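Text of the file my_file_34.txt, holding compact mmCIF, C-alpha atoms:
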```txt
# COMPACT_ATOMS: atom_id res chain seq x y z
CA MET Y 1 18.66 -2.41 -1.70
CA SER Y 2 17.48 -1.15 -5.06
CA SER Y 3 20.40 1.27 -5.35
CA LEU Y 4 22.78 -1.67 -4.90
CA VAL Y 5 20.99 -3.63 -7.62
CA LYS Y 6 21.06 -0.59 -9.91
CA GLU Y 7 24.77 -0.14 -9.29
CA ASP Y 8 25.41 -3.83 -9.94
CA LEU Y 9 23.33 -3.79 -13.15
CA ALA Y 10 25.15 -0.68 -14.35
CA LYS Y 11 28.56 -2.18 -13.63
CA ARG Y 12 28.09 -5.77 -14.81
CA LEU Y 13 25.61 -5.48 -17.68
CA PHE Y 14 25.19 -1.94 -18.98
CA GLY Y 15 28.74 -0.58 -18.52
CA PRO Y 16 30.39 -3.21 -20.73
CA ARG Y 17 27.71 -2.58 -23.38
CA ARG Y 18 28.46 1.17 -23.15
CA LEU Y 19 24.95 2.04 -21.99
CA ARG Y 20 23.93 4.41 -19.20
CA LEU Y 21 21.23 2.87 -17.01
CA HIS Y 22 18.56 5.43 -16.09
CA GLU Y 23 15.96 3.35 -14.30
CA PHE Y 24 14.91 -0.21 -13.59
CA ILE Y 25 11.94 -1.83 -11.93
CA GLU Y 26 11.39 -5.36 -10.78
CA VAL Y 27 8.72 -7.21 -12.75
CA GLU Y 28 7.16 -10.59 -12.20
CA GLY Y 29 9.06 -13.55 -13.59
CA SER Y 30 9.24 -17.18 -12.65
CA SER Y 31 9.80 -17.98 -8.99
CA ALA Y 32 13.42 -19.11 -9.52
CA GLU Y 33 14.69 -15.84 -10.97
CA ARG Y 34 14.19 -12.13 -10.71
CA CYS Y 35 13.37 -10.01 -13.74
CA TYR Y 36 13.97 -6.31 -14.26
CA LEU Y 37 12.62 -3.90 -16.84
CA CYS Y 38 15.37 -1.39 -17.59
CA ALA Y 39 15.65 1.91 -19.45
CA ALA Y 40 19.13 2.84 -20.66
CA VAL Y 41 20.67 5.29 -23.13
CA THR Y 42 23.29 4.35 -25.72
CA LYS Y 43 26.30 6.47 -26.72
CA SER Y 44 24.37 7.51 -29.83
CA GLU Y 45 21.53 8.66 -27.51
CA GLU Y 46 19.08 5.93 -28.43
CA VAL Y 47 16.85 4.86 -25.57
CA GLU Y 48 16.80 1.11 -25.04
CA ILE Y 49 14.19 -0.71 -22.98
CA CYS Y 50 15.12 -4.24 -22.04
CA MET Y 51 13.98 -7.17 -19.96
CA VAL Y 52 16.82 -8.56 -17.84
CA LYS Y 53 16.82 -11.87 -15.99
CA HIS Y 54 18.85 -12.07 -12.79
CA PHE Y 55 20.34 -15.47 -11.97
CA ARG Y 56 22.03 -16.40 -8.73
CA ASP Y 57 24.34 -19.37 -8.90
CA ARG Y 58 27.83 -19.08 -7.54
CA GLU Y 59 27.88 -15.50 -8.71
CA GLU Y 60 25.37 -12.88 -9.80
CA LYS Y 61 24.52 -13.06 -13.51
CA TYR Y 62 22.32 -10.83 -15.65
CA GLU Y 63 21.02 -11.66 -19.10
CA VAL Y 64 19.09 -9.45 -21.53
CA VAL Y 65 16.22 -11.63 -22.73
CA GLU Y 66 14.20 -9.02 -24.64
CA LYS Y 67 15.13 -5.63 -26.07
CA TRP Y 68 13.14 -2.78 -27.58
CA PHE Y 69 13.78 0.85 -28.47
CA LEU Y 70 11.77 3.78 -27.14
CA LYS Y 71 11.36 5.10 -30.69
CA ASP Y 72 9.31 1.94 -31.45
CA LEU Y 73 7.08 2.25 -28.38
CA GLU Y 74 3.63 3.34 -29.49
CA MET Y 75 1.81 3.38 -26.17
CA ILE Y 76 2.04 2.54 -22.47
CA ASP Y 77 -1.30 1.40 -21.07
CA GLY Y 78 -1.58 1.45 -17.27
CA LYS Y 79 -4.75 -0.66 -17.48
CA GLU Y 80 -6.79 1.24 -14.86
CA ALA Y 81 -5.92 4.73 -13.65
CA ASP Y 82 -8.33 4.69 -10.73
CA THR Y 83 -7.15 1.49 -9.07
CA ASP Y 84 -3.92 0.55 -7.37
CA ASN Y 85 -2.60 -2.18 -9.65
CA PRO Y 86 0.86 -3.06 -10.91
CA TYR Y 87 -0.22 -4.21 -14.40
CA PHE Y 88 0.61 -2.36 -17.59
CA ASP Y 89 1.07 -3.02 -21.29
CA MET Y 90 3.77 -1.74 -23.60
CA HIS Y 91 2.67 -1.53 -27.23
CA PHE Y 92 5.46 -2.09 -29.75
CA HIS Y 93 4.91 -4.12 -32.92
CA LYS Y 94 3.12 -6.42 -30.47
CA VAL Y 95 1.73 -5.90 -26.98
CA TYR Y 96 3.82 -6.96 -23.99
CA SER Y 97 1.95 -7.32 -20.70
CA MET Y 98 3.93 -6.60 -17.55
CA GLU Y 99 3.35 -6.88 -13.84
CA ALA Y 100 5.54 -4.51 -11.86
CA TYR Y 101 6.54 -5.18 -8.27
CA SER Y 102 4.20 -2.38 -7.19
CA CYS Y 103 1.94 0.32 -8.58
CA ALA Y 104 4.53 2.91 -7.51
CA SER Y 105 7.25 1.22 -9.57
CA LYS Y 106 4.91 1.09 -12.58
CA TYR Y 107 4.49 4.88 -12.32
CA THR Y 108 8.23 5.36 -11.82
CA PHE Y 109 8.96 3.51 -15.04
CA ALA Y 110 6.28 5.38 -17.01
CA ARG Y 111 7.67 8.72 -15.73
CA THR Y 112 11.18 7.66 -16.72
CA LEU Y 113 10.11 6.72 -20.25
CA SER Y 114 8.18 9.97 -20.58
CA ASN Y 115 11.21 11.99 -19.42
CA LEU Y 116 13.60 10.10 -21.71
CA ASN Y 117 11.19 10.66 -24.59
CA GLU Y 118 11.21 14.42 -23.89
CA MET Y 119 15.02 14.49 -23.63
CA TYR Y 120 15.92 12.42 -26.68
CA LEU Y 121 12.98 11.85 -29.05
CA LYS Y 122 10.27 14.44 -28.50
CA LYS Y 123 7.74 12.15 -30.18
CA ASP Y 124 4.08 11.80 -29.34
CA LEU Y 125 4.21 8.99 -26.80
CA LYS Y 126 0.78 7.87 -25.66
CA ILE Y 127 0.58 7.13 -21.95
CA VAL Y 128 -2.97 6.08 -21.14
CA ASN Y 129 -4.78 4.86 -18.05
CA PHE Y 130 -2.35 6.47 -15.63
CA ASP Y 131 -3.36 9.14 -13.11
CA SER Y 132 -1.66 12.27 -14.47
CA THR Y 133 -1.32 13.67 -10.94
CA TYR Y 134 1.32 11.07 -10.18
CA LEU Y 135 2.79 10.91 -13.67
CA ASN Y 136 3.77 14.51 -14.39
CA ASP Y 137 6.96 16.03 -13.03
CA ASP Y 138 5.26 19.38 -12.49
CA SER Y 139 2.83 17.75 -10.10
CA ILE Y 140 2.92 18.54 -6.38
CA TRP Y 141 3.41 14.81 -5.79
CA SER Y 142 6.57 14.37 -7.85
CA SER Y 143 10.06 14.68 -6.47
CA ASN Y 144 13.64 13.69 -6.97
CA ASN Y 145 13.12 11.19 -4.14
CA ARG Y 146 10.47 9.56 -6.30
CA ASP Y 147 7.75 7.62 -4.60
CA CYS Y 148 9.09 7.81 -1.04
CA LEU Y 149 8.06 11.45 -0.84
CA VAL Y 150 4.61 10.63 -2.22
CA LEU Y 151 4.14 7.97 0.44
CA MET Y 152 5.38 10.33 3.14
CA ARG Y 153 2.89 13.03 2.11
CA ILE Y 154 -0.01 10.58 1.99
CA CYS Y 155 0.89 9.33 5.50
CA PHE Y 156 1.15 12.91 6.76
CA TYR Y 157 -2.31 13.81 5.40
CA ALA Y 158 -3.80 10.57 6.74
CA SER Y 159 -2.39 11.19 10.23
CA ASN Y 160 -3.76 14.76 10.17
CA LEU Y 161 -7.19 13.44 9.22
CA LEU Y 162 -7.02 10.87 12.01
CA CYS Y 163 -6.06 13.52 14.58
CA LEU Y 164 -8.83 15.84 13.41
CA SER Y 165 -11.39 13.04 13.57
CA LEU Y 166 -10.40 12.21 17.16
CA CYS Y 167 -10.53 15.81 18.42
CA PRO Y 168 -13.68 16.59 20.37
CA LEU Y 169 -15.81 19.43 19.05
CA SER Y 170 -16.33 22.25 21.54
```
Reformat the file's structure so that it appears as C-alpha cells.
Amino acid sequence: MSSLVKEDLAKRLFGPRRLRLHEFIEVEGSSAERCYLCAAVTKSEEVEICMVKHFRDREEKYEVVEKWFLKDLEMIDGKEADTDNPYFDMHFHKVYSMEAYSCASKYTFARTLSNLNEMYLKKDLKIVNFDSTYLNDDSIWSSNNRDCLVLMRICFYASNLLCLSLCPLS
C-alpha cells in the first residue's frame, strides 16, 4: 500500500514540481484527511521537507501545507529513546511537534533525513532521543528492506526464546 501512495505522490505532486521523493511517512492529521511528512530533493540538490495533506473527493488530491529545508533543520528530537512512541519534534526557527503513524516510521524518517544530510549537506544535524542501534545504517538492525527486516529479526529471536523456555531441562 505505501509503495502505491509513494508512487502516486511522486507522480502527482513531486514530479510536476521537479522534485525526487525519497521518503514519506504518515503523520496524524484531522480525521477527515491523511497527512504525510515527505523528504524530497530538488534539481539543485536542496533537500525539502514538507507536510502534505491528502484529500479524497472525486479524485485523489495532494496539497503541500507546510514546507521547510533540511539546511534549516537544527534538531530532531525523538522525545524518549527508551520507549516505543511515535512522537517527535523538528526544530527549525520554531518547533513542530509530530505524531508518526508508528515508532518504526518515525525512525525511518529520521534515518532518511540523516542519510540525505550526509549526501547533500554534511552539516552537524542533531538527532537526539533516538536509539542509535535502530538509527544508524551500519547497525545490524538496518537494511534496505527497512523496518520489516527489524520486525522479522525480533520475531525470530522471540520465537527462539519461547522454544528454549518450553524445552525441558535434562
Residues near range 77-84 of chain Y, cut-off 10 Å, all atoms listed in the file, skip fewer than 6 positions along chain, as a PyMOL selection string: chain Y and resi 90-91+95+97-98+102-104+106-107+110+126-132
Contacts of Lys61 in chain Y within 10 Å, all atoms listed in the file, excl. fewer than 4 positions in-chain, as a VMD selection string: chain Y and resid 8 to 9 12 to 13 52 to 57
Generate the output file for the selected residues, C-alpha atoms, as a JSON list (two decimals), keeping the file's coordinate frame.
```
[["chain", "number", "residue", "atom", "x", "y", "z"],
["Y", 8, "ASP", "CA", 25.41, -3.83, -9.94],
["Y", 9, "LEU", "CA", 23.33, -3.79, -13.15],
["Y", 12, "ARG", "CA", 28.09, -5.77, -14.81],
["Y", 13, "LEU", "CA", 25.61, -5.48, -17.68],
["Y", 52, "VAL", "CA", 16.82, -8.56, -17.84],
["Y", 53, "LYS", "CA", 16.82, -11.87, -15.99],
["Y", 54, "HIS", "CA", 18.85, -12.07, -12.79],
["Y", 55, "PHE", "CA", 20.34, -15.47, -11.97],
["Y", 56, "ARG", "CA", 22.03, -16.40, -8.73],
["Y", 57, "ASP", "CA", 24.34, -19.37, -8.90]]
```
Give me, please, the distance in Å between CA of Leu21 in chain Y and CA of Phe109 in chain Y, quoted to one decimal.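 Value for the CA of Leu21 in chain Y-CA of Phe109 in chain Y distance: 12.4 Å.
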Top pick for closest residue to Glu26 in chain Y, considering Y:Met152, Y:Cys38, Y:Cys167, Y:Ile76 and counting all atoms listed in the file: Y:Cys38
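Closest approach to Tyr87 in chain Y among Y:Phe69, Y:Tyr157, Y:Tyr101, Y:Tyr62: Y:Tyr101, based on only C-alpha atoms.
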For range 18-22 of chain Y, I'd like the enclosing box, axis-aligned and padded by 4 Å on every side, reported as JSON with centre and edge lengths in Å to one decimal.
```
{"center_x": 23.5, "center_y": 3.3, "center_z": -19.6, "size_x": 17.9, "size_y": 12.3, "size_z": 15.1}
```
Counting all atoms listed in the file, the residue of Y:Cys155, Y:Leu164, Y:Ile49, Y:Met119 that sits nearest Leu37 in chain Y: Y:Ile49
May I ask for the distance between CA of Phe24 in chain Y and CA of Val41 in chain Y, given in Å to one decimal place?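 So the two atoms, CA of Phe24 in chain Y and CA of Val41 in chain Y, lie 12.4 Å apart.
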Out of Y:Phe92, Y:Leu121, Y:Ser105, Y:Lys6, which residue has the shortest atom-to-atom distance to Val47 in chain Y when counting only C-alpha atoms?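 Of all the options, Y:Leu121 lies closest to Val47 in chain Y.
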Between CA of Glu23 in chain Y and CA of Asp124 in chain Y, what is the distance, to one decimal in Å? 20.9 Å
Residue nearest Leu73 in chain Y - candidates Y:Ala40, Y:Leu125, Y:Ala100, Y:Val27, atoms counted: only C-alpha atoms: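 Among the listed residues, the smallest separation from Leu73 in chain Y belongs to Y:Leu125.
With all atoms listed in the file as the basis for measurement, Y:Asn85 is the residue among Y:Met75, Y:Ser159, Y:Glu59, Y:Asn85 that approaches Glu99 in chain Y most closely.
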